[in-house]
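> Let me give you the structure first, and then I'll get to my questions.
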Amino acid sequence: MNDMPITEGIFKYINEDITSFHMPGHKNNKRNFKELQKIQDNLYKMDNTEVPGLDNLHMPKDIILKSEQNAARIFKASKTYYLVNGSTSGIYSMILGTVKPKEKIIVLRNCHRSVYSACLLGDIKTEYIYPKVSSLFNIGVGIDINEVVKVIKENPDAKAVVLTYPTYYGTCADIKKISKEVHDRGMLLIVDEAHGAHFPFNDRLPKTSIELGADMAVTSLHKTLPSLTQTAILNLSKGVDDSGIGFMTSLFQSTSPSYVFMASMESSLNIMENQGKLLTDEMIDEVLLFKEKMKNLKSFIVMDMDYLKDDFVYDMDSLRLVIKSSFGGRKLEKILRSQYKIQVEMSDLNNIVLIVTVGNTKEDIKKLYEALYDIDKKYGYLNKINDYIIQIPKAEKVMSIHDAYYMKKRKVRLKEAKDLISCEMISPYPPGIPVILPGELITPEIIDTIISAKENGIQLNGMEDMQGEYINVVSS
Ligand SMILES: Cc1ncc(COP(=O)(O)O)c(C=O)c1O
């Protein structure tokens with residue numbers, strides 16, 4: 001093959017010399033962690049299979065088990081599974097390992113699409129808790145405990161409650177209170193903690209959901225720790241029956257799991273256990289300084305607890321930056337990349353989201369501030385843009401995700417799909433939260449949200465028609 005478009009594409013990006021505020025958390029090892037350098041230097045030698053002496057991820061007894069036990073100690077879990085297929089495989093494993101077909105779970109409606117995919121795969125019924133949307137940032141940030149209690153009481157037959165903690169935006173709900181309510185009714189608390197792998201390493205960060213009472217949680221090491229993409233762990237709390245979950249982790253992962261990935265997980269945890277407090281302190285201080293200076297710029301609002309007082313947000317990840325811009329998130333993302341060589345994690349119409357990790361340097365944050373200062377001066381305060389609501393307009397559920405997906409379908413124009421039942425799960429990406437699920441009635445608000453996402457160049461994950469013109473609906 002003479003043409004190598006993927007390799008060329010990656011090298012083109014590398015050569016741009018971009019400052020990364022996106023995943024993966026190692027930021028291409030610009031801080032030269034020696035533990036990562038060792039993997040880098042020996043990549044092809046370390047890439048191996050389950051020969052004697054190297055244990056087996058699918059039935060760990062030796063080196064992999066020891067490493068998983070070390071991770072369990074760090075995360076205060078009773079058991080940890082290493083995952084090489086991302087948090088996605090962990091979310092499938094937690095849900096399908098504990099809930100049977102036709103049983104019901106209660107889901108926070110702004111969960112990642114992998115939660116709904118698990119329900120599709122396992123023919124699991126769903127009821128929803130809707131998140132509290134911040135009117136300032138226009139994104140789902142909090143969970144009202146009264147709403148949780150109400151939905152639990154209305155659905156006493158549900159087996160589990162599935163929540164995201166922290167959200168993509170770094171906001172944290174009151175898991176301690178929620179877990180008490182969930183457990184009082186004999187349900188399990190399953191947490192998608194994909195964005196919280198760094199929490200155990202500094203008291204200035206929120207506590208982990210396991211510490212706060214969750215029964216199980218999955219966390220992506222590649223998002224906020226210096227670990228390779230696709231690496232994640234699944235943590236169990238004491239007393240949780242692990243038989244189904246263990247089986248499912250094996251079912252949803254490659255039978256040829258990468259030793260490079262496993263070594264990378266172990267190395268990132270080693271770095272964090274030895275230096276995590278110091279490194280995170282340094283970055284938290286730098287972010288605090290950044291936030292303080294940003295108060296003087298007219299075009300931006302940086303998310304902080306002060307702005308979320310009425311939104312049922314209990315805590316925040318101090319290393320996640322959400323910046324609302326007067327001329328919009330999408331435009332700001334483009335300006336930062338094209339004029340300042342800075343790449344953010346994601347943007348919506350209002351905000352940009354940046355992931356700061358121990359892989360970043362103080363200079364990165366300074367560079368970000370200088371860029372925003374310059375943009376503020378150049379573009380000044382523009383008028384407030386039209387708010388684009390990406391966060392889940394409420395939809396009426398008429399059948400289960402599984403049943404709707406497998407119904408006889410027909411294709412209709414999206415603009416003419418009002419009151420029809422969707423067969424598609426459409427998730428503007430990022431953040432990957434579905435605006436419509438199979439089995440939900442399509443409303444004008446949902447149509448507008450999808451069109452608005454499309455017009456703003458946001459990918460519509462899960463939409464069969466890549467042009468975004470047509471949608472599959474249940475054929476009546
Ligand atoms: C909240 C949340 N959960 C789960 C996932 C899936 O994680 P992974 O990419 O590690 O499979 C993501 C991915 O972005 C996410 O944002």
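Within each chain, counting starts at residue 1; across the structure tokens, chains are named A, B, ... in the order shown, with ligands numbered 1 upward in that order.
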Please check which protein, DNA or RNA residues sit within 9 Å of ligand 1, counting only C-alpha atoms and all ligand atoms, and write them as a count of residues only.
38
> Could you name the residues that touch range 330-338 of chain A at 7 Å or less, counting only C-alpha atoms, but leaving out those on the same chain fewer than 5 positions away, as a PyMOL selection string?
chain A and resi 343-344+347-349+352
> Provide the CA of Pro206 in chain A to CA of Lys176 in chain A distance in Å, to one decimal place.
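Separation between CA of Pro206 in chain A and CA of Lys176 in chain A: 11.8 Å.
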> Write out as a list in words which residues come within 6 Å of range 404-420 of chain A when counting only C-alpha atoms, dropping same-chain ones fewer than 5 positions away.
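So the residues in contact are Pro438, Gly439, Leu441, Ile442, Thr443, Glu469, Tyr470, Ile471, Asn472, Val473, Val474 and Ser475 of chain A.
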> What are the DSSP strand (DSSP E or B) residues of range 36-200 of chain A, as a tab-separated table (two decimals) with C-alpha atoms, in the first residue's frame?

```
chain	number	residue	atom	x	y	z
A	79	LYS	CA	-11.95	-5.52	42.75
A	80	THR	CA	-10.66	-3.86	39.59
A	81	TYR	CA	-10.84	-5.09	36.02
A	82	TYR	CA	-8.47	-3.71	33.41
A	83	LEU	CA	-10.24	-2.84	30.18
A	104	LYS	CA	-35.68	-2.18	33.97
A	105	ILE	CA	-33.06	0.42	34.88
A	106	ILE	CA	-33.34	4.12	35.68
A	107	VAL	CA	-30.96	6.21	33.60
A	108	LEU	CA	-29.85	9.82	33.84
A	125	LYS	CA	-36.16	-1.29	29.66
A	126	THR	CA	-35.41	2.28	30.67
A	127	GLU	CA	-36.94	5.08	32.72
A	128	TYR	CA	-35.28	8.48	32.87
A	129	ILE	CA	-34.16	11.09	35.32
A	132	LYS	CA	-30.74	20.00	35.67
A	133	VAL	CA	-29.68	22.21	32.77
A	134	SER	CA	-27.61	25.31	33.55
A	139	ILE	CA	-25.77	22.11	29.29
A	140	GLY	CA	-26.93	19.38	31.70
A	141	VAL	CA	-24.90	19.78	34.87
A	142	GLY	CA	-26.71	18.58	37.99
A	160	ALA	CA	-30.38	-0.19	39.09
A	161	VAL	CA	-29.83	3.53	38.65
A	162	VAL	CA	-27.18	4.56	36.11
A	163	LEU	CA	-25.56	8.01	36.44
A	164	THR	CA	-22.65	9.97	35.03
A	171	THR	CA	-19.80	18.79	37.30
A	172	CYS	CA	-20.57	16.33	40.09
A	188	LEU	CA	-27.75	-0.90	42.52
A	189	LEU	CA	-25.94	2.36	41.81
A	190	ILE	CA	-23.93	2.06	38.59
A	191	VAL	CA	-21.70	5.01	37.73
A	192	ASP	CA	-20.08	6.12	34.50
```
> Using only C-alpha atoms, find the one residue out of A:Asn296, A:Asn28, A:Asn235, A:Ser254 that sits nearest to Val358 in chain A.
A:Asn28
> May I ask which of the residues A:Leu54, A:Ile284, A:Met303, A:Val356 is the closest one to Leu205 in chain A, counting only C-alpha atoms?
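Closest residue, counting only C-alpha atoms: A:Ile284.
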> In terms of the shortest atom-to-atom distance over only C-alpha atoms, which of A:Glu440, A:Asp306, A:Glu282, A:Asp55 is closest to Leu319 in chain A?
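Smallest separation from Leu319 in chain A among the options: A:Glu282.
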> From the set A:Phe312, A:Phe11, A:Tyr340, A:Tyr116, which residue has the shortest atom-to-atom contact distance to Ile426 in chain A, counting only C-alpha atoms?
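The closest residue to Ile426 in chain A is A:Tyr116.
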> If we count only C-alpha atoms and set the cut-off at 12 Å, which residues sit around Gly213 in chain A, ignoring sequence neighbours fewer than 6 positions away in its own chain? Please answer as a PyMOL selection string.
chain A and resi 76-77+174-183+188-191+207+236-240
> Taking into account only C-alpha atoms, which residue in the set A:His22, A:Lys341, A:Arg109, A:Arg31 is nearest to Lys362 in chain A?
A:Arg31
> Using Å and a single decimal, report how far CA of Pro226 in chain A sits from CA of Ser268 in chain A.
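Result for CA of Ser268 in chain A versus CA of Pro226 in chain A: 5.2 Å, one decimal.
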> Counting only C-alpha atoms, figure out which residue out of A:Met272, A:Met23, A:Leu321, A:Val313 gets nearest to Lys291 in chain A.
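Going through A:Met272, A:Met23, A:Leu321, A:Val313 one by one, the smallest distance to Lys291 in chain A is for A:Leu321.
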> Please provide the set of residues having any atom within 10 Å of Asp304 in chain A, restricted to only C-alpha atoms, with same-chain residues fewer than 3 positions apart removed, written as a PyMOL selection string.
chain A and resi 171+291+301+307-309+315-318+321-323
> Could you please write out, as a PyMOL selection string, every residue of range 138-366 of chain A that DSSP assigns to helix (DSSP H, G or I)?
chain A and resi 145-154+175-184+199-201+221-224+243-251+259-294+305-308+329-340+362-366
> Output C-alpha atoms for every residue in that selection, as a PDB file, in the first residue's frame.

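Wrote result_8.pdb, looks like this:
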```pdb
ATOM      1  CA  ILE A 145     -32.224  14.428  44.418  1.00  0.00           C
ATOM      2  CA  ASN A 146     -36.015  14.919  44.603  1.00  0.00           C
ATOM      3  CA  GLU A 147     -36.267  13.953  40.954  1.00  0.00           C
ATOM      4  CA  VAL A 148     -34.221  10.820  41.654  1.00  0.00           C
ATOM      5  CA  VAL A 149     -36.485   9.866  44.560  1.00  0.00           C
ATOM      6  CA  LYS A 150     -39.613  10.513  42.485  1.00  0.00           C
ATOM      7  CA  VAL A 151     -38.476   8.296  39.593  1.00  0.00           C
ATOM      8  CA  ILE A 152     -37.287   5.556  41.959  1.00  0.00           C
ATOM      9  CA  LYS A 153     -40.653   5.568  43.761  1.00  0.00           C
ATOM     10  CA  GLU A 154     -42.537   5.407  40.466  1.00  0.00           C
ATOM     11  CA  ILE A 175     -23.619  10.777  44.888  1.00  0.00           C
ATOM     12  CA  LYS A 176     -23.573  10.167  48.645  1.00  0.00           C
ATOM     13  CA  LYS A 177     -27.205  11.204  49.051  1.00  0.00           C
ATOM     14  CA  ILE A 178     -28.280   9.554  45.821  1.00  0.00           C
ATOM     15  CA  SER A 179     -26.611   6.266  46.738  1.00  0.00           C
ATOM     16  CA  LYS A 180     -28.497   6.183  50.052  1.00  0.00           C
ATOM     17  CA  GLU A 181     -31.844   6.640  48.295  1.00  0.00           C
ATOM     18  CA  VAL A 182     -30.965   4.031  45.676  1.00  0.00           C
ATOM     19  CA  HIS A 183     -29.794   1.476  48.232  1.00  0.00           C
ATOM     20  CA  ASP A 184     -32.776   2.076  50.554  1.00  0.00           C
ATOM     21  CA  PHE A 199      -9.947  11.902  41.441  1.00  0.00           C
ATOM     22  CA  PRO A 200      -8.127   9.535  43.850  1.00  0.00           C
ATOM     23  CA  PHE A 201      -4.867  11.446  43.627  1.00  0.00           C
ATOM     24  CA  LEU A 221      -7.628   6.108  32.200  1.00  0.00           C
ATOM     25  CA  HIS A 222      -6.932   7.563  28.778  1.00  0.00           C
ATOM     26  CA  LYS A 223      -9.116  10.627  29.327  1.00  0.00           C
ATOM     27  CA  THR A 224      -7.495  12.197  32.376  1.00  0.00           C
ATOM     28  CA  SER A 243     -19.795 -13.192  38.560  1.00  0.00           C
ATOM     29  CA  GLY A 244     -21.902 -11.673  35.776  1.00  0.00           C
ATOM     30  CA  ILE A 245     -19.717  -8.596  35.459  1.00  0.00           C
ATOM     31  CA  GLY A 246     -16.492 -10.590  35.105  1.00  0.00           C
ATOM     32  CA  PHE A 247     -18.088 -12.716  32.398  1.00  0.00           C
ATOM     33  CA  MET A 248     -19.252  -9.635  30.522  1.00  0.00           C
ATOM     34  CA  THR A 249     -15.854  -7.892  30.654  1.00  0.00           C
ATOM     35  CA  SER A 250     -14.496 -10.907  28.832  1.00  0.00           C
ATOM     36  CA  LEU A 251     -17.388 -10.955  26.353  1.00  0.00           C
ATOM     37  CA  TYR A 259      -0.080  -5.707  26.565  1.00  0.00           C
ATOM     38  CA  VAL A 260       1.039  -2.244  25.517  1.00  0.00           C
ATOM     39  CA  PHE A 261      -2.312  -0.921  26.728  1.00  0.00           C
ATOM     40  CA  MET A 262      -2.072  -2.870  29.981  1.00  0.00           C
ATOM     41  CA  ALA A 263       1.488  -1.672  30.608  1.00  0.00           C
ATOM     42  CA  SER A 264       0.368   1.857  29.855  1.00  0.00           C
ATOM     43  CA  MET A 265      -2.439   1.645  32.434  1.00  0.00           C
ATOM     44  CA  GLU A 266      -0.074   0.294  35.037  1.00  0.00           C
ATOM     45  CA  SER A 267       2.522   2.966  34.259  1.00  0.00           C
ATOM     46  CA  SER A 268       0.014   5.802  34.444  1.00  0.00           C
ATOM     47  CA  LEU A 269      -1.166   4.554  37.846  1.00  0.00           C
ATOM     48  CA  ASN A 270       2.436   4.235  38.970  1.00  0.00           C
ATOM     49  CA  ILE A 271       3.169   7.832  37.946  1.00  0.00           C
ATOM     50  CA  MET A 272       0.033   9.047  39.697  1.00  0.00           C
ATOM     51  CA  GLU A 273       0.614   7.091  42.892  1.00  0.00           C
ATOM     52  CA  ASN A 274       4.153   8.424  43.205  1.00  0.00           C
ATOM     53  CA  GLN A 275       3.794  11.961  41.886  1.00  0.00           C
ATOM     54  CA  GLY A 276       0.067  12.500  41.345  1.00  0.00           C
ATOM     55  CA  LYS A 277      -0.505  14.770  44.333  1.00  0.00           C
ATOM     56  CA  LEU A 278       2.353  17.078  43.385  1.00  0.00           C
ATOM     57  CA  LEU A 279       1.542  17.112  39.684  1.00  0.00           C
ATOM     58  CA  THR A 280      -2.176  17.703  40.163  1.00  0.00           C
ATOM     59  CA  ASP A 281      -1.513  20.410  42.782  1.00  0.00           C
ATOM     60  CA  GLU A 282       0.641  22.218  40.245  1.00  0.00           C
ATOM     61  CA  MET A 283      -2.055  22.089  37.562  1.00  0.00           C
ATOM     62  CA  ILE A 284      -4.932  22.945  39.926  1.00  0.00           C
ATOM     63  CA  ASP A 285      -3.032  26.047  41.100  1.00  0.00           C
ATOM     64  CA  GLU A 286      -2.374  27.060  37.510  1.00  0.00           C
ATOM     65  CA  VAL A 287      -6.045  26.602  36.577  1.00  0.00           C
ATOM     66  CA  LEU A 288      -7.121  28.701  39.589  1.00  0.00           C
ATOM     67  CA  LEU A 289      -4.788  31.469  38.487  1.00  0.00           C
ATOM     68  CA  PHE A 290      -6.138  31.211  34.949  1.00  0.00           C
ATOM     69  CA  LYS A 291      -9.729  31.477  36.205  1.00  0.00           C
ATOM     70  CA  GLU A 292      -8.881  34.552  38.225  1.00  0.00           C
ATOM     71  CA  LYS A 293      -7.274  36.309  35.261  1.00  0.00           C
ATOM     72  CA  MET A 294     -10.147  35.342  32.963  1.00  0.00           C
ATOM     73  CA  MET A 305     -19.501  26.628  41.338  1.00  0.00           C
ATOM     74  CA  ASP A 306     -20.691  30.232  41.773  1.00  0.00           C
ATOM     75  CA  TYR A 307     -22.577  30.004  38.487  1.00  0.00           C
ATOM     76  CA  LEU A 308     -24.194  26.667  39.329  1.00  0.00           C
ATOM     77  CA  GLY A 329     -17.997  27.732  21.198  1.00  0.00           C
ATOM     78  CA  ARG A 330     -17.701  26.426  17.638  1.00  0.00           C
ATOM     79  CA  LYS A 331     -16.161  29.653  16.355  1.00  0.00           C
ATOM     80  CA  LEU A 332     -13.836  29.962  19.333  1.00  0.00           C
ATOM     81  CA  GLU A 333     -12.609  26.392  18.810  1.00  0.00           C
ATOM     82  CA  LYS A 334     -11.783  27.190  15.181  1.00  0.00           C
ATOM     83  CA  ILE A 335      -9.972  30.442  16.043  1.00  0.00           C
ATOM     84  CA  LEU A 336      -7.904  28.762  18.761  1.00  0.00           C
ATOM     85  CA  ARG A 337      -6.819  26.008  16.396  1.00  0.00           C
ATOM     86  CA  SER A 338      -6.158  28.070  13.286  1.00  0.00           C
ATOM     87  CA  GLN A 339      -4.611  31.160  14.851  1.00  0.00           C
ATOM     88  CA  TYR A 340      -3.122  29.979  18.140  1.00  0.00           C
ATOM     89  CA  LYS A 362       2.083  25.471  33.176  1.00  0.00           C
ATOM     90  CA  GLU A 363       3.131  26.976  29.831  1.00  0.00           C
ATOM     91  CA  ASP A 364       0.107  25.357  28.142  1.00  0.00           C
ATOM     92  CA  ILE A 365      -2.276  27.188  30.469  1.00  0.00           C
ATOM     93  CA  LYS A 366      -0.360  30.443  30.039  1.00  0.00           C
TER      94      LYS A 366
END
```
> Go ahead and compute the interatomic distance for CA of Asn70 in chain A and CA of Thr98 in chain A, in Å to one decimal.
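The value is 24.8 Å.
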